[in-house]
Each structure stands twice: as C-alpha cells, then as structure tokens.
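In what follows, a structure is listed as structure tokens, so that the remarks can point back to it.
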There are 8 protein chains.
Amino acid sequence: MELNVYLAGQIHDDWRENVKNKAMAKELPVRFFEPMTNHDRSDNIGEEILGEQPNAVFKDEAASAFNNLRTNVLMQKADIVLALFGDQYKQWNAAMDVGAATALNKPLILVRPESLHHPAKEMAKQAQVVVEDLDQAIEALAYIFQKN
Amino acid sequence: MELNVYLAGQIHDDWRENVKNKAMAKELPVRFFEPMTNHDRSDNIGEEILGEQPNAVFKDEAASAFNNLRTNVLMQKADIVLALFGDQYKQWNAAMDVGAATALNKPLILVRPESLHHPAKEMAKQAQVVVEDLDQAIEALAYIFQKN
Amino acid sequence: MELNVYLAGQIHDDWRENVKNKAMAKELPVRFFEPMTNHDRSDNIGEEILGEQPNAVFKDEAASAFNNLRTNVLMQKADIVLALFGDQYKQWNAAMDVGAATALNKPLILVRPESLHHPAKEMAKQAQVVVEDLDQAIEALAYIFQKN
Amino acid sequence: MELNVYLAGQIHDDWRENVKNKAMAKELPVRFFEPMTNHDRSDNIGEEILGEQPNAVFKDEAASAFNNLRTNVLMQKADIVLALFGDQYKQWNAAMDVGAATALNKPLILVRPESLHHPAKEMAKQAQVVVEDLDQAIEALAYIFQKN
Amino acid sequence: MELNVYLAGQIHDDWRENVKNKAMAKELPVRFFEPMTNHDRSDNIGEEILGEQPNAVFKDEAASAFNNLRTNVLMQKADIVLALFGDQYKQWNAAMDVGAATALNKPLILVRPESLHHPAKEMAKQAQVVVEDLDQAIEALAYIFQKN
Amino acid sequence: MELNVYLAGQIHDDWRENVKNKAMAKELPVRFFEPMTNHDRSDNIGEEILGEQPNAVFKDEAASAFNNLRTNVLMQKADIVLALFGDQYKQWNAAMDVGAATALNKPLILVRPESLHHPAKEMAKQAQVVVEDLDQAIEALAYIFQKN
Amino acid sequence: MELNVYLAGQIHDDWRENVKNKAMAKELPVRFFEPMTNHDRSDNIGEEILGEQPNAVFKDEAASAFNNLRTNVLMQKADIVLALFGDQYKQWNAAMDVGAATALNKPLILVRPESLHHPAKEMAKQAQVVVEDLDQAIEALAYIFQKN
Amino acid sequence: MELNVYLAGQIHDDWRENVKNKAMAKELPVRFFEPMTNHDRSDNIGEEILGEQPNAVFKDEAASAFNNLRTNVLMQKADIVLALFGDQYKQWNAAMDVGAATALNKPLILVRPESLHHPAKEMAKQAQVVVEDLDQAIEALAYIFQKN
C-alpha cells in the first residue's frame, strides 16, 4: 500500500525537500503532493497564463485561481494532509487547508513549534496528531506502516 | 424563510454587534451564530470546566476542545458563513473556518480590506463573494432576500 | 408538509408570477425561490455593492458572484427544482442549474416546448419529469400532494 | 500520478483532438474522456440499439439515454472537467456538465472566448479557473504537475 | 419530535388506512407519506398530464415519471420507511424502495408474512426490523417513542 | 480504462455467461461481478458456515447474511449495474439492487422484455438506459468505449 | 435555536434523569433522546413483538433489531452525542455509538472517570470534548449557548 | 480484484497471524490492515515521539493520537472490516470500530463466541455477518470470491 500525503504550509523555504529526504531515508511508501513552491511563479501564474491584469488585486485573483485548482485536485488525491506552521508569514492558506482537510475527513498531521501553541490551539485540536517538528511528523507517518 | 449565518473571525472587538445591528436595521430574516466572543472566557474555558492543567500548552488544548465543540455544532447549523479578516492577529481560526465552510459546501462571504488582497487571495477565490467591509457584506445578505 | 421549489430559467419575462398564481389557485403548499428576476439589477449588482470595475468582464464577474451566492443558498433549501427552457436566450444558467440539481439528487421538473426536444434531450433524460408547459408542471407538483 | 480529464462541450468539430495533441506535446500524464463525438452516431444511437421509435421526440429520448449513460460513467471517473464554450450551438449539455461538475466537487476549467463573458458569467464564477482558449487550458493542466 | 414514515408497497387494497388508524389509536406522533394509491390514477397520470402517448409502453413510461417524482420527493422527507410485502403482485416497486432506503441509510421496517420468508430473505437482512404483520410494525414504531 | 459491472438478476440459468461471452467477443475492457450463481449454494451457505439453524426461516436468514455481504462488497466496487428482469421468479433481490444502485448514483442498465413494461415501469424510469435483451445491453456497454 | 442531544451509555441506572434535571435547572434549550432505558423491556422487546424465539441467541437478535431501529432513528436526529462510560458493564453499545457518531460527524462529548483513561483513550481522542462527570458535560453543553 | 480487510479487535495475542495464515492457505486475494499489535509500542508511541508527558492521562492521550491516525487512514482504505470480540479486555476500540464501519457503510464481519451473544447483540445486528470463530470468518471472506 502506498499513501498520498499533501504537504500544506508556507512556500518560502525548502522544508518540503527536508520532509521528502527524511521519508526516503526511512523508505516509506509515500508519495508527496504540494502546492507550487516557486513563490514568484505562484504569484505570477495568473498573468503568465491570462496576460496582464488591470491591477494588483486582479493579478492576485488570477493567480489564486490556478493555485486553488492545483490544491483542490491534489488534496482530493491525498490520504493524509501534513500541515506545517511556523512563526513567519500569515499562513492563511495552510490554515484553510487544515479546515478543508478536517471537513473532508482527511487525517491531518499538524506540525507547529511549541511557541505557537496558543494561536494554533483550535487547529491543533482538529488534527489527528500534533507534533513539534518534521522529524516527529515523519515518525508519525512511519508508525502507520510499522509492523510492531 | 430564515437563514442561519455563522460569523467567523477574530474575537478582539465587537464587529459582530455591528453586523447584527446593520442586519436588524434592514429587517433581514437572519439568525447569527458566533464563537465565544469573550476572549478571556474563550481562553480559560478548558480550566474552568476541567480544572487546572499541567501547563499553558495543555490549558490551551483543553480550551480549544470546548471552542471547537461550539464551532462544529454551530457551523453545521449554518446556511452561510461570513468570515472577516483584518490586519491584526493571526486569524488562523477564521482561515480554518473558511476551509471547512468551502469543503462543506457552505456558501461563504469573505470580508477583507483591499490592503490584504495578497495574503487572502487563495481564500478569496474559494469564497462565493469577496467584499471589503461589513456594509457590503450586509448588502450581499440582503440581496438573497430581495424581490427585485 | 410544505415543499420548497426553486424556479430556474431566464429572467426576461414574468413566467414565475404565472407559476405562482397557478399554484396559489390550486392552494398547493409550496414555497417558491428564484434568482433575482430584475434583469438590470442582476447585471449591476456587482458594481452596486463593490463599486466600479475595470471593464465589462470584471463587472460581470462581480455581478455573478452575488448571483451565485443567492442561487447556491436557495438551491440548497429546495426540495424540487423546476427549470424552464424556451427558444430565446442562451439559458446557460438554467442548464447549469439542471446539472447541479441532478448531481445533488434534487428532483427536477423540466419544462420545454416540444420544438426544443432535440437540444434539450440529454437534460430531459436527467429530469424526473419533462413537460411542455407551465400548466403541466403545476399538475406535476399537485400530483405529489394529491390523495387519490 | 495520472489524472483523468473529461472534455465537455460541443461535438461539431475536432477541438478535442487539438487538446489531446497539445497535452501529448507537453507529455502531460493525463487521460482524456469525452462524449461520443461522432455527431450522427450520437443522434442515432437510440434507434441503432433499440430500433425505430414512434417519432423524432422519442428518437431523441432514446439517444440521450445512451449518451447520458456514457457521460455519467466517465464524469464519475474524472479528476478534472474541462468545459469549452463557443459562440455557436446551444451547448446546454456543456452547461449541464458544468453544473454537475461543481455540485460533485470536480475541479473545473472553463474555456470561453472573452466575447462570451456576459452569458457565461455565472458558470465562470463557479469554475476554479476561467481561460479564453485551449492553449491556456493546457497550461492550467500543466501547472498542476509542474515542480517549480 | 414528529417522525415522517413512507409507506412502500402495493396499491391494490387499503392497507395504508389500516396502518394510519392503528397509529392514530396509539396517538403516535407520526406523519405518513405514500405513493398515489388510486391505482387507475397512478397508471394514467402520464397521459392525463402529457396527453395520449404512442403506445402502452410509452404510456407507462410517462406515468412512471410522475410516480417516481412523487416517491423521490417523499422518500427524501422520510425518517423511516415501512415496506409491506404480500403474496400477490410483483411488488418490484416496493423492493426497489427497500434498496433505495437502505442505500440512503433510512431505517427500514419490513413487513412480510412468514410464508414469504424465502424470497424476501435478502431484503429482510437489509432491514433494521422484520415483522409479520402491521400490528407488529406499529409496535415497532411505538417502541421508538416509548419512555420505558 | 477498465470498468466494473455488477450483474444483478435471477440465478436460475446461465444468462451471465452469455453476457460475459458477448463482452469478450467484442473485447470490451470490462470486469464482471455477480452474486453466487449456484442456487443451492446460495440457499445453503448460512448453514454451511454457521451449522444447522432452528428452522427454515432462520436458515434463510443465515444464508442471506452471507449473500448480502457479497453483494454489498461487489456493488460498492461496481462502476455500472446491469439488472436483468424476466417473467419468472419474484426477482425481489434484483429490484432491491436497482433501488440501491440508483440511490448510490451507480449508472444502471435495465434489461426487461417488452412484455414486462408495465410492472417494471417505475424501475425503468430510474435507469439510465432500458433495453429489451442482452445484445442491446452489450451494445450499451460498448458505446461507452467507442471512439466514433 | 434548540439542539437535539442523544444520551449514549449503559441503561442500568438513572443517570439520564440526572442529566435532564441539570439541563432543566440551567434552562438549556436542549431536547434529549435516549435508548429504551427500562433494561428488562430492552431485553424482551423482540419476543414481546415477534413472539417466542428458538433460544436465547435468537431472542437477543430479535431484541437488538428493535433497539437498533430506535438508536438509528434518534441518532440521525441528534446534533450532539453525549456518551457516558463507567467502570461497570461492557458498554459495547456506547462504544459503538461513539464510533458511529464520529463517522457521521456528530460532535461528541465523552464522559468518563479519570480512572478509565487508559481503556477509553482512543475513544477520548475521537471526541470533541472529554470530561470526567456529568456536571462538566452540562457545562460543555451550556457553553455552546452562552453569550459571553 | 483484491480486497482490503481491516482487522479490528484486541492486540493481546496473535489472532491476526492466525487469520492471515488461513487466508493464505486458501489463496484469497486479500490484503490485511491492522492497528499496531505490539501492545507496549501502542501504549508508548505518544511519549516515544513527543517526549515525556505530565502524567499517565496525558501519556495515554498522546499515544491514542498516533493510534487513531493509523486506524483512520487504514479504515478508509478498507473494503471490509472484520472485528473480533472475546471474553477478555474491555475492547472498546473494537466496538468503536464497529460503529465507525457501519456508519461509513463498510461491510462488517463480526466474530464473537456464542457465550457473548448478549452483550454483543446490538453490534451483531449492525453487522452484515456474525460468526463464532475465525474459520467461519475466513469462509465468509472466501464466499465473496467463489465462483460456484
């Protein structure tokens, strides 16, 4: 059995590569899906496909259409959602993904540093599992496959 | 026909009273639901019911259980979700409610100032309607009932 | 028992008043819902609430957001969808409502003149009932309540 | 990961071959489904299987049964629906497919020339993505698979 | 609390009146729904509304459209389905209603004389409760409301 | 793409082998599922596994448990249900399968001789397609895969 | 707004009256549903309605049919499930209700003494809220309605 | 066709190996999923991943998060749930899995010794099939695949 895991969270650093490397090191039968992680590409994809928009608001609206198409398709394919929160950026998309995942009954692994326990408390309580770093998240994934 | 509307968003000021007053002034047949808006009560409800917890993390976990119970019950009763975003606070709960509402096919009215168009762009694209202030949101609600 | 009926179809004449009068004459316990039937209002509602838009495409996009909000809320409240097709206008919204109604398992009464049997044939086959005029549609509604 | 895409829209020209060729040129891992695109066959399939029908209305009813069987089976297998609208034909089937796709939470790519923005505005607002031609639609599909 | 009960089964005698009288005698807070029980009306409703059809097959097809519309609307309103089987008639509609009820998670009370235990065995095993006569069925309904 | 087809109907003759041979002759990419077609085995499976039961009613109840387990598992795996009705036997299981299939949104091909049009009329109207013999049913399946 | 609450748990003492009295004292707008709490009646209902059964196993099977009918109907009407666990009895029905409630997305309040934390730990983690006694459970219900 | 079977029940002995060996001996095309069956590991997994917890209650809460994540993922992948009950241990998790399986429409095979017929009676009535030992359970699985 192979599981699909959607990696929700900010796209400003390469934390997803970190996750993939750790999973590969443990030889977990897991396939990862993710949003467009090239930040500029993610912001410009609307104008790239549709051409110049009247102003920055419409540019953003155009980009988010393509980003949401991608997220919706991939989230529906996912067996598990792994969402990372940190102390930078607003991370509203990640929080929105948390809400969608729990409403869709997708099992959810929430990763947040202990320092964020207060603002993340309601999200945490919706998650199947809350951990503090990516190593723990990988151990949670591994536990699903372990024999004993 | 009477509609139930859940008011998602921060609980640090009295914007919900504002919404209710505007709706009442227009005599809209709408019933509003909301999270616990007494911020201290919302933070302390876990220890208030369950007694003292080992530390701040567990205190938060306890509180969020009761807050989520309330939100889950009320969101399931809602015909429409109205979510407000501003430039203060993390507002992850509101973003999580946006994700849950769209996954549950609850029509969503998103209110955000134009200045937040960039971080809110993916949430905006999931919403049925995006407006910039509460007056516009009330007009959107009113439009559902208007004859012509 | 009272049933909610959503009246899908063009908004260029007053056929809905016709339906309501016929239902009232038969004293059917039916509550009708409908899109905004003031055509100008329906086209302008976006700019009316959000202010002027950059061009006609964006004006339409803004208007359709509020129109869809209304349709989504009311269709979810409906027990039956009654969709009228005629030989004028594109009527894509009505056809979209037919698709949504059948996917949501909403029983559907399709009204189309016999002359339109060819282009409407796949929609017709999705409907519970196909009739040729509004009198027949009202008889179909009445049949649900008749004792014998 | 391979995605299934249902191609909704008129069956009077070979636009679907165009889509397939563009997707193949980009080596997208996509499998396309479509209605019967031989127009005569689509119109005659009822009598072909069931024998002669009493008149043209019943001939159409018979044909649409087999066409809907095909569409229902294939739409349920689809991960994405791509719907094309042009300025010819009524295209009620495509609009019905748009309604069904959104009610079934199938991500939807809507393709319509800018000239049709007004009649297609409510359908457009239901779509994840609206583009103006097939090249843009293919770019939207490709974006789902792109790494960065 | 008032419950809606759909009475599925043959329409050749007045067994439903029997059920209603027994329920009224026990003052059960139950509202009964049923198909058109005037057999001639049920067979003719298609031609009555749509006019004469080409032959008996098409007359039946027309009638069943209106009968199914009625059943679909009322079954969706039901909290419980009570299905009666006897040793006369084919009763395929009742068996179809049994299948639909269990697939829709509607609790089902199956009434069949012991003599029919063999042909009804798979239907019986899908039902929540199997009884042999209408008195027992009423006792089953009553048990839902009894305090102790 | 390969489709799963569940063959519902009586188990007193070998009509299913007939279907499979016709499908194989046309090289349709279809996998067939079916109930236990050894009639004695189907009647005795309860006592075979659980041991002797108190009487014939309980013997039947035991058998139907295993038969329903099989049907439920296989029907959930099916993309299409093909249900055959003839003029012998009660065929309540087939009618129940018709109801379950339509409630589960499984596309349904109904096969019945024209002579049965009256008792099968409501089932027929729920089906995507109604045909009169197995050759026509196979043509309906083939149409799903045909290119043009 | 009035909420329906299903009270799951053992039926050997009058803890449900306790809950109702506490709720009434706080004037909570709550309607309680419950299984048959007369233990003898619950065990005998099968033979009471259907007559004597062959042995104790079949007597139990008959009784559980009517008990499950009641539970299924009432659980579907519930907005919240409150499940009590104690250190006596097997309480498998209560645990089964916990599983059904969470699978049906019914918000769940779990009441168990701290001494049972180990065997109830997986059930506890599925619940929205875990409390140790009925007073706390009532406070959780009250919190849903409190203004501030 | 290969079926996925989730093995619910206590984790204090090696009954699952017994099931797997019997299935392998019959060459059934079945893939088994199961909870963590190393009892100590299952109890300690929370602290193993998250570190020491404040007390035994919180240690259990942490462990159950990871156990539930595993169960939720695997149960969603299952086509059939096989649940074993014996006369030792509380087995609340197994009963909870029974409730979840039936609410999710997962076909359920319940295994319980006859001696437990009374406390297991409501669970038994929810199951598709009730048997008394694992050999019978394997025969039930085999029956799904048998040709005749």
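Residue numbering restarts at 1 in every chain; chains get A, B, ... in the order shown in the structure tokens, and ligands count up from 1 in that same order.
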Which residues come within 12 Å of Ala25 (chain E), counting only C-alpha atoms, excluding same-chain residues fewer than 4 positions away, as a PyMOL selection string? chain E and resi 18-21+29-30+135+138-139+142
Contacts of Gln53 (chain C) at 8 Å or less, counting only C-alpha atoms, minus same-chain residues fewer than 6 places along, as JSON, numbers by chain? {"C": [47, 59, 62]}
Find the distance between CA of Thr102 (chain B) and CA of Met96 (chain A) and write it in Å to one decimal. 9.3 Å
Mind running chain F against chain D at 7 Å and telling me each contacting residue's nearest atom pair with the distance in Å (one decimal), counting only C-alpha atoms, chain and number ascending, as CSV?
```
residue,atom,partner,partner_atom,distance
F:Asp79,CA,D:Val73,CA,6.9
F:Pro107,CA,D:Leu69,CA,6.4
F:Gln128,CA,D:Leu69,CA,5.6
F:Val129,CA,D:Ala65,CA,5.4
F:Val131,CA,D:Leu50,CA,6.8
F:Gln136,CA,D:Ile49,CA,5.9
F:Glu139,CA,D:Ile49,CA,6.9
F:Ala140,CA,D:Phe66,CA,6.6
F:Ile144,CA,D:Arg70,CA,4.9
F:Lys147,CA,D:Met36,CA,6.7
F:Asn148,CA,D:Asn38,CA,5.1
```
Write out as a ChimeraX atom specification which residues come within 10 Å of Val111 (chain F) when counting only C-alpha atoms, dropping same-chain ones fewer than 4 positions away. /F:9,82-86,120,124,127,129-137
Could you save those same residues with N, CA and C atoms as a short mmCIF file (atom, residue, chain, number, x, y, z; two decimals), in the first residue's frame?
```cif
data_model
loop_
_atom_site.label_atom_id
_atom_site.label_comp_id
_atom_site.auth_asym_id
_atom_site.auth_seq_id
_atom_site.Cartn_x
_atom_site.Cartn_y
_atom_site.Cartn_z
N GLY F 9 -29.77 -9.92 -10.91
CA GLY F 9 -30.89 -10.66 -11.51
C GLY F 9 -30.94 -12.09 -11.00
N LEU F 82 -25.88 -3.74 -14.17
CA LEU F 82 -26.74 -4.25 -15.25
C LEU F 82 -27.72 -5.21 -14.59
N ALA F 83 -29.02 -4.87 -14.66
CA ALA F 83 -30.03 -5.70 -14.00
C ALA F 83 -30.98 -6.30 -15.01
N LEU F 84 -31.12 -7.61 -14.93
CA LEU F 84 -32.00 -8.34 -15.86
C LEU F 84 -33.28 -8.75 -15.16
N PHE F 85 -34.42 -8.51 -15.81
CA PHE F 85 -35.71 -8.99 -15.32
C PHE F 85 -36.37 -9.87 -16.38
N GLY F 86 -36.98 -10.95 -15.92
CA GLY F 86 -37.71 -11.83 -16.83
C GLY F 86 -39.08 -12.12 -16.26
N ALA F 120 -42.51 -3.15 -14.61
CA ALA F 120 -41.15 -2.63 -14.46
C ALA F 120 -41.07 -1.13 -14.73
N ALA F 124 -37.79 1.15 -14.59
CA ALA F 124 -37.27 1.57 -15.89
C ALA F 124 -36.95 3.06 -15.89
N ALA F 127 -33.70 4.00 -14.36
CA ALA F 127 -32.48 3.53 -15.03
C ALA F 127 -31.96 4.58 -16.01
N VAL F 129 -30.61 3.62 -18.77
CA VAL F 129 -30.90 3.00 -20.06
C VAL F 129 -31.80 1.80 -19.84
N VAL F 130 -32.82 1.64 -20.68
CA VAL F 130 -33.67 0.44 -20.66
C VAL F 130 -33.56 -0.25 -22.01
N VAL F 131 -33.25 -1.54 -21.99
CA VAL F 131 -33.18 -2.30 -23.24
C VAL F 131 -33.99 -3.58 -23.07
N GLU F 132 -34.16 -4.30 -24.18
CA GLU F 132 -35.04 -5.46 -24.13
C GLU F 132 -34.32 -6.79 -24.10
N ASP F 133 -33.06 -6.79 -24.47
CA ASP F 133 -32.33 -8.07 -24.40
C ASP F 133 -30.85 -7.82 -24.14
N LEU F 134 -30.13 -8.91 -23.95
CA LEU F 134 -28.73 -8.80 -23.53
C LEU F 134 -27.83 -8.27 -24.65
N ASP F 135 -28.19 -8.55 -25.91
CA ASP F 135 -27.39 -7.99 -27.00
C ASP F 135 -27.41 -6.47 -26.96
N GLN F 136 -28.59 -5.93 -26.72
CA GLN F 136 -28.68 -4.47 -26.62
C GLN F 136 -27.91 -3.94 -25.41
N ALA F 137 -27.96 -4.68 -24.34
CA ALA F 137 -27.21 -4.26 -23.15
C ALA F 137 -25.71 -4.20 -23.43
#
```
Just list as a ChimeraX atom specification whatever in chain D DSSP marks as alpha helix (DSSP H). /D:15-25,39-50,56-77,92-103,121-126,134-145
Straight-line distance linking CA of Pro119 (chain G) with CA of Glu17 (chain H), stated in Å to one decimal: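 Interatomic distance, CA of Pro119 (chain G) to CA of Glu17 (chain H): 23.7 Å.
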In chain F, what's strand (DSSP E or B) per DSSP? Answer as a ChimeraX atom specification? /F:3-8,30-33,80-84,108-111,129-131
Just to be explicit: take each residue in the selection above, keep N, CA and C atoms, and write the result as a PDB file, in the first residue's frame.
```
ATOM      1  N   LEU F   3     -13.771  -0.987 -16.692  1.00  0.00           N
ATOM      2  CA  LEU F   3     -14.947  -0.725 -15.866  1.00  0.00           C
ATOM      3  C   LEU F   3     -15.418  -2.008 -15.178  1.00  0.00           C
ATOM      4  N   ASN F   4     -15.916  -1.849 -13.947  1.00  0.00           N
ATOM      5  CA  ASN F   4     -16.515  -2.957 -13.201  1.00  0.00           C
ATOM      6  C   ASN F   4     -18.032  -2.924 -13.372  1.00  0.00           C
ATOM      7  N   VAL F   5     -18.615  -4.065 -13.711  1.00  0.00           N
ATOM      8  CA  VAL F   5     -20.063  -4.149 -13.948  1.00  0.00           C
ATOM      9  C   VAL F   5     -20.646  -5.235 -13.058  1.00  0.00           C
ATOM     10  N   TYR F   6     -21.641  -4.866 -12.246  1.00  0.00           N
ATOM     11  CA  TYR F   6     -22.309  -5.869 -11.405  1.00  0.00           C
ATOM     12  C   TYR F   6     -23.551  -6.370 -12.121  1.00  0.00           C
ATOM     13  N   LEU F   7     -23.677  -7.698 -12.219  1.00  0.00           N
ATOM     14  CA  LEU F   7     -24.780  -8.327 -12.947  1.00  0.00           C
ATOM     15  C   LEU F   7     -25.848  -8.764 -11.958  1.00  0.00           C
ATOM     16  N   ALA F   8     -26.901  -7.947 -11.823  1.00  0.00           N
ATOM     17  CA  ALA F   8     -27.987  -8.264 -10.897  1.00  0.00           C
ATOM     18  C   ALA F   8     -29.093  -9.018 -11.619  1.00  0.00           C
ATOM     19  N   VAL F  30     -13.985  -4.813 -19.615  1.00  0.00           N
ATOM     20  CA  VAL F  30     -14.987  -4.828 -18.566  1.00  0.00           C
ATOM     21  C   VAL F  30     -14.734  -6.027 -17.664  1.00  0.00           C
ATOM     22  N   ARG F  31     -14.900  -5.825 -16.360  1.00  0.00           N
ATOM     23  CA  ARG F  31     -14.743  -6.893 -15.380  1.00  0.00           C
ATOM     24  C   ARG F  31     -16.110  -7.110 -14.745  1.00  0.00           C
ATOM     25  N   PHE F  32     -16.626  -8.332 -14.769  1.00  0.00           N
ATOM     26  CA  PHE F  32     -17.974  -8.577 -14.266  1.00  0.00           C
ATOM     27  C   PHE F  32     -17.940  -9.122 -12.840  1.00  0.00           C
ATOM     28  N   PHE F  33     -18.862  -8.627 -12.023  1.00  0.00           N
ATOM     29  CA  PHE F  33     -19.084  -9.153 -10.670  1.00  0.00           C
ATOM     30  C   PHE F  33     -20.506  -9.695 -10.617  1.00  0.00           C
ATOM     31  N   ILE F  80     -20.901   0.284 -12.919  1.00  0.00           N
ATOM     32  CA  ILE F  80     -22.187   0.185 -13.618  1.00  0.00           C
ATOM     33  C   ILE F  80     -22.926  -1.028 -13.055  1.00  0.00           C
ATOM     34  N   VAL F  81     -24.250  -0.929 -12.948  1.00  0.00           N
ATOM     35  CA  VAL F  81     -25.056  -2.105 -12.590  1.00  0.00           C
ATOM     36  C   VAL F  81     -25.919  -2.463 -13.794  1.00  0.00           C
ATOM     37  N   LEU F  82     -25.883  -3.742 -14.167  1.00  0.00           N
ATOM     38  CA  LEU F  82     -26.735  -4.252 -15.245  1.00  0.00           C
ATOM     39  C   LEU F  82     -27.721  -5.213 -14.594  1.00  0.00           C
ATOM     40  N   ALA F  83     -29.015  -4.874 -14.665  1.00  0.00           N
ATOM     41  CA  ALA F  83     -30.027  -5.695 -13.998  1.00  0.00           C
ATOM     42  C   ALA F  83     -30.983  -6.300 -15.007  1.00  0.00           C
ATOM     43  N   LEU F  84     -31.120  -7.613 -14.930  1.00  0.00           N
ATOM     44  CA  LEU F  84     -31.995  -8.336 -15.861  1.00  0.00           C
ATOM     45  C   LEU F  84     -33.284  -8.749 -15.162  1.00  0.00           C
ATOM     46  N   LEU F 108     -27.154   2.670 -14.302  1.00  0.00           N
ATOM     47  CA  LEU F 108     -27.910   1.414 -14.328  1.00  0.00           C
ATOM     48  C   LEU F 108     -28.427   1.122 -15.728  1.00  0.00           C
ATOM     49  N   ILE F 109     -28.148  -0.094 -16.196  1.00  0.00           N
ATOM     50  CA  ILE F 109     -28.720  -0.596 -17.451  1.00  0.00           C
ATOM     51  C   ILE F 109     -29.773  -1.633 -17.082  1.00  0.00           C
ATOM     52  N   LEU F 110     -31.019  -1.374 -17.439  1.00  0.00           N
ATOM     53  CA  LEU F 110     -32.105  -2.286 -17.099  1.00  0.00           C
ATOM     54  C   LEU F 110     -32.486  -3.091 -18.335  1.00  0.00           C
ATOM     55  N   VAL F 111     -32.515  -4.406 -18.192  1.00  0.00           N
ATOM     56  CA  VAL F 111     -32.896  -5.285 -19.294  1.00  0.00           C
ATOM     57  C   VAL F 111     -34.206  -5.963 -18.937  1.00  0.00           C
ATOM     58  N   VAL F 129     -30.609   3.622 -18.770  1.00  0.00           N
ATOM     59  CA  VAL F 129     -30.899   3.005 -20.059  1.00  0.00           C
ATOM     60  C   VAL F 129     -31.798   1.802 -19.843  1.00  0.00           C
ATOM     61  N   VAL F 130     -32.821   1.639 -20.684  1.00  0.00           N
ATOM     62  CA  VAL F 130     -33.666   0.439 -20.664  1.00  0.00           C
ATOM     63  C   VAL F 130     -33.565  -0.251 -22.010  1.00  0.00           C
ATOM     64  N   VAL F 131     -33.250  -1.537 -21.989  1.00  0.00           N
ATOM     65  CA  VAL F 131     -33.177  -2.305 -23.242  1.00  0.00           C
ATOM     66  C   VAL F 131     -33.991  -3.581 -23.070  1.00  0.00           C
TER      67      VAL F 131
END
```
